[in-house]
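As provided, target_28.pdb (PDB, C-alpha atoms and all ligand atoms) reads as follows.
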ATOM      1  CA  MET A 128      -5.501   4.584 -28.860
ATOM      2  CA  GLY A 129      -4.395   7.393 -31.203
ATOM      3  CA  THR A 130      -1.058   9.134 -30.950
ATOM      4  CA  THR A 131       1.411   8.604 -28.150
ATOM      5  CA  ALA A 132       4.204  10.643 -26.617
ATOM      6  CA  ASN A 133       7.052  10.027 -24.233
ATOM      7  CA  ILE A 134       7.971  12.709 -21.709
ATOM      8  CA  ASP A 135      10.739  12.129 -19.177
ATOM      9  CA  GLY A 136      10.428   8.412 -19.720
ATOM     10  CA  LEU A 137       6.689   8.359 -19.017
ATOM     11  CA  HIS A 138       4.402   6.951 -21.655
ATOM     12  CA  PHE A 139       1.398   9.065 -22.587
ATOM     13  CA  ALA A 140      -1.401   7.888 -24.834
ATOM     14  CA  ASN A 141      -3.641  10.464 -26.508
ATOM     15  CA  ILE A 142      -7.181   9.326 -25.763
ATOM     16  CA  GLY A 143      -8.964  12.348 -27.314
ATOM     17  CA  LYS A 144     -11.692  14.466 -25.727
ATOM     18  CA  ALA A 145     -14.556  12.349 -27.064
ATOM     19  CA  ARG A 146     -13.403   9.282 -25.161
ATOM     20  CA  LEU A 147     -12.438  11.091 -21.993
ATOM     21  CA  LEU A 148     -15.671  10.749 -19.987
ATOM     22  CA  LYS A 149     -16.096   7.116 -20.972
ATOM     23  CA  THR A 150     -12.507   6.424 -20.049
ATOM     24  CA  ILE A 151     -12.853   8.134 -16.661
ATOM     25  CA  ASP A 152     -15.878   5.960 -15.972
ATOM     26  CA  HIS A 153     -13.863   2.880 -16.824
ATOM     27  CA  ILE A 154     -10.973   4.062 -14.671
ATOM     28  CA  LYS A 155     -13.240   4.441 -11.662
ATOM     29  CA  GLN A 156     -14.134   0.788 -11.899
ATOM     30  CA  PHE A 157     -10.629  -0.404 -12.495
ATOM     31  CA  TYR A 158      -7.869  -1.071 -10.029
ATOM     32  CA  LEU A 159      -5.414   1.023 -12.018
ATOM     33  CA  ALA A 160      -7.350   4.101 -10.909
ATOM     34  CA  PHE A 161      -4.881   4.129  -8.077
ATOM     35  CA  TYR A 162      -2.132   4.941 -10.538
ATOM     36  CA  SER A 163      -3.796   6.891 -13.319
ATOM     37  CA  VAL A 164      -4.433  10.560 -13.942
ATOM     38  CA  VAL A 165      -5.888  12.447 -16.865
ATOM     39  CA  CYS A 166      -3.859  15.477 -17.819
ATOM     40  CA  SER A 167      -3.680  17.976 -20.650
ATOM     41  CA  ILE A 168      -0.623  18.878 -22.668
ATOM     42  CA  GLY A 169      -1.191  21.610 -25.238
ATOM     43  CA  ASN A 170      -4.746  21.139 -26.466
ATOM     44  CA  LYS A 171      -4.785  17.358 -26.122
ATOM     45  CA  LEU A 172      -5.902  15.174 -23.265
ATOM     46  CA  TYR A 173      -3.793  12.306 -22.070
ATOM     47  CA  LEU A 174      -4.223   9.334 -19.817
ATOM     48  CA  CYS A 175      -1.032   8.929 -17.836
ATOM     49  CA  ASN A 176       0.145   5.995 -15.784
ATOM     50  CA  ILE A 177       1.825   7.560 -12.760
ATOM     51  CA  ARG A 178       2.925   4.395 -11.039
ATOM     52  CA  PHE A 179       6.516   5.538 -11.173
ATOM     53  CA  LEU A 180       5.831   9.111 -10.070
ATOM     54  CA  LYS A 181       6.125  10.113  -6.432
ATOM     55  CA  PHE A 182       2.796  11.029  -4.867
ATOM     56  CA  LYS A 183       2.618  14.409  -3.209
ATOM     57  CA  ILE A 184       3.437  13.702   0.394
ATOM     58  CA  MET A 185       1.339  15.293   3.138
ATOM     59  CA  HIS A 186       3.946  15.530   5.853
ATOM     60  CA  PHE A 187       2.646  15.597   9.431
ATOM     61  CA  SER A 188       4.272  19.003  10.004
ATOM     62  CA  LYS A 189       1.939  20.519   7.375
ATOM     63  CA  LEU A 190      -1.186  18.903   8.834
ATOM     64  CA  PHE A 191      -0.612  19.311  12.566
ATOM     65  CA  ASN A 192      -1.094  23.024  13.215
ATOM     66  CA  TYR A 193      -1.595  23.009  16.976
ATOM     67  CA  CYS A 194       0.373  21.585  19.861
ATOM     68  CA  PRO A 195      -1.359  18.361  21.033
ATOM     69  CA  SER A 196      -0.192  19.101  24.592
ATOM     70  CA  CYS A 197      -1.168  22.761  25.207
ATOM     71  CA  GLY A 198      -3.129  23.692  22.064
ATOM     72  CA  SER A 199      -0.787  26.522  21.082
ATOM     73  CA  SER A 200      -0.563  27.459  17.403
ATOM     74  CA  SER A 201       3.202  27.848  17.857
ATOM     75  CA  PHE A 202       3.755  24.229  16.863
ATOM     76  CA  ALA A 203       6.502  24.492  14.286
ATOM     77  CA  THR A 204       8.818  22.231  12.341
ATOM     78  CA  ASN A 205      11.816  21.444  14.515
ATOM     79  CA  SER A 206      13.633  19.090  12.156
ATOM     80  CA  GLU A 207      12.800  16.832   9.237
ATOM     81  CA  LYS A 208      11.448  14.307  11.730
ATOM     82  CA  SER A 209       9.945  16.460  14.452
ATOM     83  CA  CYS A 210       7.786  19.413  15.442
ATOM     84  CA  ARG A 211       8.301  21.469  18.597
ATOM     85  CA  CYS A 212       5.869  23.658  20.503
ATOM     86  CA  GLN A 213       7.408  27.073  21.118
ATOM     87  CA  SER A 214       4.974  27.688  23.984
ATOM     88  CA  CYS A 215       5.371  24.584  26.183
ATOM     89  CA  GLY A 216       8.396  22.846  24.675
ATOM     90  CA  PHE A 217       6.529  19.649  23.701
ATOM     91  CA  VAL A 218       8.386  17.785  20.931
ATOM     92  CA  TYR A 219       6.698  15.290  18.618
ATOM     93  CA  TYR A 220       8.713  12.836  16.489
ATOM     94  CA  ILE A 221       7.277  10.794  13.654
ATOM     95  CA  ASN A 222       8.838   7.410  12.935
ATOM     96  CA  ALA A 223       7.914   4.558  10.614
ATOM     97  CA  SER A 224       4.893   2.520  11.731
ATOM     98  CA  ALA A 225       5.551  -1.223  11.667
ATOM     99  CA  ALA A 226       3.360  -3.475   9.531
ATOM    100  CA  VAL A 227       3.452  -7.144   8.543
ATOM    101  CA  ALA A 228       2.802  -8.864   5.208
ATOM    102  CA  VAL A 229       2.514 -12.627   4.885
ATOM    103  CA  PHE A 230       3.332 -15.144   2.151
ATOM    104  CA  ILE A 231       1.142 -18.264   2.386
ATOM    105  CA  PHE A 232       1.402 -21.077  -0.171
ATOM    106  CA  ASN A 233      -0.790 -24.062  -0.911
ATOM    107  CA  GLU A 234       0.417 -27.591  -1.720
ATOM    108  CA  LYS A 235       0.792 -26.625  -5.406
ATOM    109  CA  GLY A 236       3.222 -23.821  -4.557
ATOM    110  CA  GLN A 237       0.655 -21.133  -5.399
ATOM    111  CA  LEU A 238       0.706 -17.849  -3.460
ATOM    112  CA  LEU A 239      -2.319 -16.555  -1.538
ATOM    113  CA  VAL A 240      -3.221 -13.149  -2.986
ATOM    114  CA  CYS A 241      -5.849 -10.884  -1.433
ATOM    115  CA  GLU A 242      -8.023  -8.161  -2.898
ATOM    116  CA  ARG A 243      -8.144  -5.039  -0.735
ATOM    117  CA  GLY A 244     -11.647  -4.334   0.529
ATOM    118  CA  LYS A 245     -10.985  -0.824   1.833
ATOM    119  CA  GLU A 246      -9.078   2.332   0.923
ATOM    120  CA  PRO A 247      -6.283   3.080   0.389
ATOM    121  CA  ALA A 248      -5.775   1.127  -2.824
ATOM    122  CA  LYS A 249      -9.189  -0.559  -2.547
ATOM    123  CA  GLY A 250      -9.594  -3.257  -5.197
ATOM    124  CA  SER A 251      -5.876  -3.741  -5.764
ATOM    125  CA  TRP A 252      -3.998  -6.881  -4.838
ATOM    126  CA  ASP A 253      -2.300  -7.240  -1.490
ATOM    127  CA  LEU A 254      -0.757  -9.789   0.812
ATOM    128  CA  PRO A 255      -2.618 -10.543   4.056
ATOM    129  CA  GLY A 256      -1.314  -8.542   7.020
ATOM    130  CA  GLY A 257      -1.599  -5.112   8.587
ATOM    131  CA  PHE A 258      -0.238  -2.703  11.164
ATOM    132  CA  VAL A 259       1.468  -3.926  14.315
ATOM    133  CA  ASP A 260      -0.520  -2.860  17.387
ATOM    134  CA  GLU A 261       0.872  -1.146  20.460
ATOM    135  CA  ASP A 262       2.717  -3.603  22.775
ATOM    136  CA  GLU A 263       2.585  -6.330  20.129
ATOM    137  CA  SER A 264       5.477  -8.215  18.495
ATOM    138  CA  ALA A 265       5.612  -8.591  14.719
ATOM    139  CA  GLU A 266       4.977 -12.334  15.133
ATOM    140  CA  GLN A 267       1.925 -11.648  17.300
ATOM    141  CA  ALA A 268       0.675  -9.190  14.669
ATOM    142  CA  VAL A 269       1.025 -11.907  12.005
ATOM    143  CA  ILE A 270      -1.019 -14.354  14.108
ATOM    144  CA  ARG A 271      -3.716 -11.752  14.844
ATOM    145  CA  GLU A 272      -3.976 -10.348  11.314
ATOM    146  CA  ILE A 273      -4.140 -13.774   9.647
ATOM    147  CA  ASN A 274      -6.851 -14.809  12.066
ATOM    148  CA  GLU A 275      -8.813 -11.585  11.480
ATOM    149  CA  GLU A 276      -8.441 -11.464   7.700
ATOM    150  CA  LEU A 277      -8.458 -15.166   6.781
ATOM    151  CA  GLY A 278     -10.065 -16.901   9.781
ATOM    152  CA  VAL A 279      -7.224 -19.418  10.257
ATOM    153  CA  ASP A 280      -4.393 -19.963  12.742
ATOM    154  CA  ILE A 281      -0.671 -19.825  11.948
ATOM    155  CA  SER A 282       1.288 -23.061  12.532
ATOM    156  CA  ALA A 283       4.758 -21.723  11.581
ATOM    157  CA  CYS A 284       6.154 -18.275  10.842
ATOM    158  CA  ARG A 285       9.540 -17.191   9.426
ATOM    159  CA  TYR A 286      10.814 -13.616   8.948
ATOM    160  CA  LEU A 287      12.126 -12.881   5.444
ATOM    161  CA  PHE A 288      12.953  -9.200   4.782
ATOM    162  CA  SER A 289      11.487  -5.688   4.934
ATOM    163  CA  PHE A 290      10.606  -2.785   2.652
ATOM    164  CA  PRO A 291       9.638   0.799   3.515
ATOM    165  CA  ASN A 292       6.306   2.164   2.322
ATOM    166  CA  ARG A 293       4.171   5.297   2.455
ATOM    167  CA  TYR A 294       0.573   4.782   3.507
ATOM    168  CA  GLU A 295      -1.936   7.480   2.596
ATOM    169  CA  TYR A 296      -4.701   7.663   5.166
ATOM    170  CA  SER A 297      -7.070  10.410   6.220
ATOM    171  CA  GLY A 298      -5.062  13.064   4.386
ATOM    172  CA  LEU A 299      -1.784  12.137   6.064
ATOM    173  CA  THR A 300       1.166  10.285   4.583
ATOM    174  CA  ILE A 301       2.298   7.718   7.140
ATOM    175  CA  PRO A 302       5.785   6.215   6.688
ATOM    176  CA  THR A 303       5.685   2.471   7.366
ATOM    177  CA  LEU A 304       8.155  -0.382   7.527
ATOM    178  CA  ASP A 305       6.580  -3.530   6.096
ATOM    179  CA  LEU A 306       8.020  -6.757   7.547
ATOM    180  CA  PHE A 307       7.559  -9.818   5.337
ATOM    181  CA  PHE A 308       7.004 -13.327   6.707
ATOM    182  CA  ALA A 309       6.530 -16.765   5.159
ATOM    183  CA  CYS A 310       3.886 -18.701   7.097
ATOM    184  CA  THR A 311       1.998 -21.950   7.118
ATOM    185  CA  VAL A 312      -1.475 -22.381   8.592
ATOM    186  CA  TYR A 313      -3.060 -25.367  10.333
ATOM    187  CA  ASP A 314      -5.945 -25.816   7.894
ATOM    188  CA  ILE A 315      -5.543 -24.077   4.562
ATOM    189  CA  THR A 316      -8.991 -25.260   3.426
ATOM    190  CA  GLN A 317     -10.611 -23.011   6.060
ATOM    191  CA  ILE A 318      -9.182 -19.771   4.636
ATOM    192  CA  LYS A 319     -11.975 -17.273   4.086
ATOM    193  CA  ALA A 320     -11.707 -13.543   3.284
ATOM    194  CA  ASP A 321     -12.823 -11.279   6.125
ATOM    195  CA  ASP A 322     -12.147  -7.872   7.713
ATOM    196  CA  ASP A 323     -10.118  -5.658   5.310
ATOM    197  CA  VAL A 324      -9.935  -8.406   2.672
ATOM    198  CA  ALA A 325     -12.670  -8.477  -0.005
ATOM    199  CA  ALA A 326     -11.539 -11.747  -1.614
ATOM    200  CA  CYS A 327      -8.537 -14.043  -1.732
ATOM    201  CA  HIS A 328      -7.287 -16.791  -4.000
ATOM    202  CA  PHE A 329      -4.164 -18.812  -4.772
ATOM    203  CA  VAL A 330      -2.184 -17.822  -7.859
ATOM    204  CA  SER A 331       0.769 -19.581  -9.486
ATOM    205  CA  LEU A 332       3.963 -17.524  -9.243
ATOM    206  CA  ASN A 333       4.385 -17.413 -13.025
ATOM    207  CA  GLU A 334       0.864 -15.995 -13.384
ATOM    208  CA  ILE A 335       1.244 -13.163 -10.883
ATOM    209  CA  ASN A 336       1.038  -9.665 -12.369
ATOM    210  CA  THR A 337       2.924  -7.566  -9.836
ATOM    211  CA  ASP A 338       1.374  -4.382 -11.305
ATOM    212  CA  MET A 339      -1.863  -5.484  -9.628
ATOM    213  CA  PHE A 340      -0.388  -4.845  -6.161
ATOM    214  CA  GLY A 341      -1.471  -1.408  -4.956
ATOM    215  CA  PHE A 342       1.380  -0.744  -2.516
ATOM    216  CA  GLU A 343       4.928  -0.280  -3.728
ATOM    217  CA  SER A 344       6.406  -2.128  -0.748
ATOM    218  CA  ILE A 345       4.178  -5.177  -1.298
ATOM    219  CA  ARG A 346       4.963  -5.152  -5.020
ATOM    220  CA  ASN A 347       8.679  -4.993  -4.235
ATOM    221  CA  GLY A 348       8.341  -7.774  -1.672
ATOM    222  CA  VAL A 349       6.516 -10.076  -4.097
ATOM    223  CA  ILE A 350       9.063  -9.366  -6.856
ATOM    224  CA  LYS A 351      11.947 -10.066  -4.456
ATOM    225  CA  PHE A 352      10.332 -13.270  -3.218
ATOM    226  CA  ILE A 353       9.473 -14.568  -6.706
ATOM    227  CA  SER A 354      13.040 -13.762  -7.867
ATOM    228  CA  SER A 355      14.430 -15.804  -4.980
ATOM    229  CA  GLN A 356      12.322 -18.789  -6.051
ATOM    230  CA  MET A 357      13.566 -18.798  -9.662
TER     231      MET A 357
HETATM  232 ZN    ZN A 401       2.508  23.172  23.579
END

Can the structure from this file be put into structure tokens for me?
Amino acid sequence: MGTTANIDGLHFANIGKARLLKTIDHIKQFYLAFYSVVCSIGNKLYLCNIRFLKFKIMHFSKLFNYCPSCGSSSFATNSEKSCRCQSCGFVYYINASAAVAVFIFNEKGQLLVCERGKEPAKGSWDLPGGFVDEDESAEQAVIREINEELGVDISACRYLFSFPNRYEYSGLTIPTLDLFFACTVYDITQIKADDDVAACHFVSLNEINTDMFGFESIRNGVIKFISSQM
């Protein structure tokens, strides 16, 4: 891998110009593309793992330029959480969107892990689940999402804990609150990947690589859950 350097605690590996294009091609096909950037320092090129860096956040106040009520361009930041139209007085607040994530185990104590079939973080690992719909409880969202993504029905559902997340979609950073549940299903043999899930399989807890999870909240949730089982 050539020479390496450490800057502000981040590990950089000098991959050299000759290997750059080949490496980029490999990155495109690899789940870690979600975390990796190629950057230059001095006259050398580096492949940098940015998992621990904060992504640039596209706040709604920078994306929403016009009042959704009257169309005025005087739609300005009112506070950290809101924008206000100076023409008609309409105020828009942005709050965390609720989402659910589900732990399902088989009789061997292995965890069901899904591969994301769509962006963001396509190809990375995930837990089954998704956003809570309007007028829906978190428990109802669990039942619906598990049916949509895995084709099975929930027989029991228990709330565990929550983690905040930031979901990048359509150029906007959406704050979410991910609610974690432990569930059992009526017929585990009927589980089949569908909808947003490209594939799913059971993995023993001691074989789970949490770096494979594309969302920080899901990674944190899995780490917390595995720690509680030790
Ligand atoms: Zn307005």

* **the PyMOL selection byres (((chain A and resi 335) around 12) and not hetatm) applied to the shown file, residues as JSON, numbers by chain** => {"A": [237, 238, 239, 240, 252, 253, 328, 329, 330, 331, 332, 333, 334, 336, 337, 338, 339, 340, 346, 349, 350, 352, 353]}

* Report the distance between CA of Gly198 in chain A and atom ZN of ligand ZN 401 (chain A) in Å, rounded to one decimal place. => 5.9 Å

* Asked: Would you name the residues within 8 Å of ligand ZN 401 (chain A), counting only C-alpha atoms and all ligand atoms, and put them as a ChimeraX atom specification?
  -> /A:193-199,201-202,211-217

* **range 290-294 of chain A environment, 8 Å, only C-alpha atoms, sequence neighbours closer than 5 positions dropped, as a PyMOL selection string** => chain A and resi 247+300-306+342-345+347-348

* To do: Would you please work out which residue, of A:Ile231, A:Ile281, A:Cys210, A:Ala309, is nearest to Gln267 in chain A when using all atoms listed in the file?
  =>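 Comparing A:Ile231, A:Ile281, A:Cys210, A:Ala309 against Gln267 in chain A, the winner is A:Ile281.
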
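Picture a line from CA of Met185 in chain A to CA of Gly298 in chain A; it runs 6.9 Å.
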
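For the pair CA of Phe258 in chain A and CA of Thr316 in chain A, the interatomic distance is 25.4 Å.
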
* **7 Å contact set for Ala325 in chain A, all atoms listed in the file, chain neighbours under 2 positions out, as a ChimeraX atom specification** => /A:242-244,320-321,323

* List the neighbours of Asp260 in chain A out to 12 Å using all atoms listed in the file; skip same-chain residues closer than 3 positions along the sequence, and give me the result as a list in words. =>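 Neighbouring residues, sequence-local ones excluded: Ser224, Ala225, Ala226, Val227, Gly256, Gly257, Glu263, Ser264, Ala265, Glu266, Gln267, Ala268, Val269, Ile270, Arg271 and Glu272 of chain A.
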